[in-house]
Each structure stands twice: as C-alpha cells, then as structure tokens.
Amino acid sequence: MTQKHNLFSNMTPVDWLLAAGFTLVLALLGNSLLPELGWLIGILAALGLLYLAKRRRDRMQNPPSNGE
C-alpha cells in the first residue's frame with residue numbers, strides 16, 4: 001500500500017521563501033500583461049507550477065521501492 005505524502009511536508013523556511021517569491025513574481029508579471037485579472041492568473045499559474053515541482057522533487061527524494 002502506498003502512502004500519500006502531504007504537500008507541505010519536507011518544506012524548509014527557504015522553500016517557503018522561494019515559493020512566496022516565485023508567486024509574487026508571477027503575480028506581478030501577470031498583472032503587467034493583463035491589468036484586470038492578470039494577478040489572479042499569475043497566482044494560479046504559480047501554484048500549479050509549484051505543485052508540479054514539489055511533487056517531482058518528492059518523487060526524486062523518495063523513489064518507490066521495487067516490490068518490497
């Protein structure tokens with residue numbers, strides 16, 4: 001049986017700062033491109049990309065065992 005890992009597990013304060021900075025940059029970039037709702041699009045894009053990166057990092061740090 002495989003365990004589901006919490007999305008927020010194994011996060012250091014540096015990880016949180018980088019995630020917040022990345023979200024801020026994408027929100028500002030989205031706002032400069034589309035002044036009406038660009039900030040929201042940037043935040044949603046940042047959250048999606050951060051989710052994919054975190055999931056990939058967790059998979060690389062904890063490779064699945066081979067039938068054990």
# chains A, B, ... in the order shown; residues from 1 in each chain; ligands from 1
$ residues_around --residues "A:Ala27" --least-positions-apart "3" --cutoff "8 Å" --atoms "only C-alpha atoms" --output "JSON, numbers by chain"
{"A": [23, 24, 30, 31, 38, 39, 40, 41, 42, 43, 46]}
$ residues_around --residues "A:Asn6" --least-positions-apart "2" --cutoff "12 Å" --atoms "only C-alpha atoms" --output "PDB file with C-alpha atoms, in the first residue's frame"
ATOM      1  CA  GLN A   3       1.273   6.326   1.439  1.00  0.00           C
ATOM      2  CA  LYS A   4       0.073   9.721   0.319  1.00  0.00           C
ATOM      3  CA  PHE A   8       3.514  20.689   2.827  1.00  0.00           C
ATOM      4  CA  SER A   9       5.841  18.039   4.255  1.00  0.00           C
ATOM      5  CA  ASN A  10       9.614  18.385   3.936  1.00  0.00           C
ATOM      6  CA  MET A  11       9.417  22.155   3.390  1.00  0.00           C
ATOM      7  CA  TYR A  51       2.640  21.843  -7.068  1.00  0.00           C
ATOM      8  CA  LYS A  54       7.095  19.781  -5.303  1.00  0.00           C
ATOM      9  CA  ARG A  55       5.570  16.531  -6.467  1.00  0.00           C
ATOM     10  CA  ASP A  58       9.313  14.384  -3.549  1.00  0.00           C
TER      11      ASP A  58
END
$ closest_residue --among "A:Leu29, A:Leu7, A:Val14, A:Pro64" --to "A:Ala45" --atoms "only C-alpha atoms"
A:Leu29
$ select_by_dssp --residues "chain A" --states "alpha helix (DSSP H)" --output "PyMOL selection string"
chain A and resi 13-33+38-61
$ atom_distance --atom1 "atom CA of A:Leu26" --atom2 "atom CA of A:Leu47"
9.8 Å
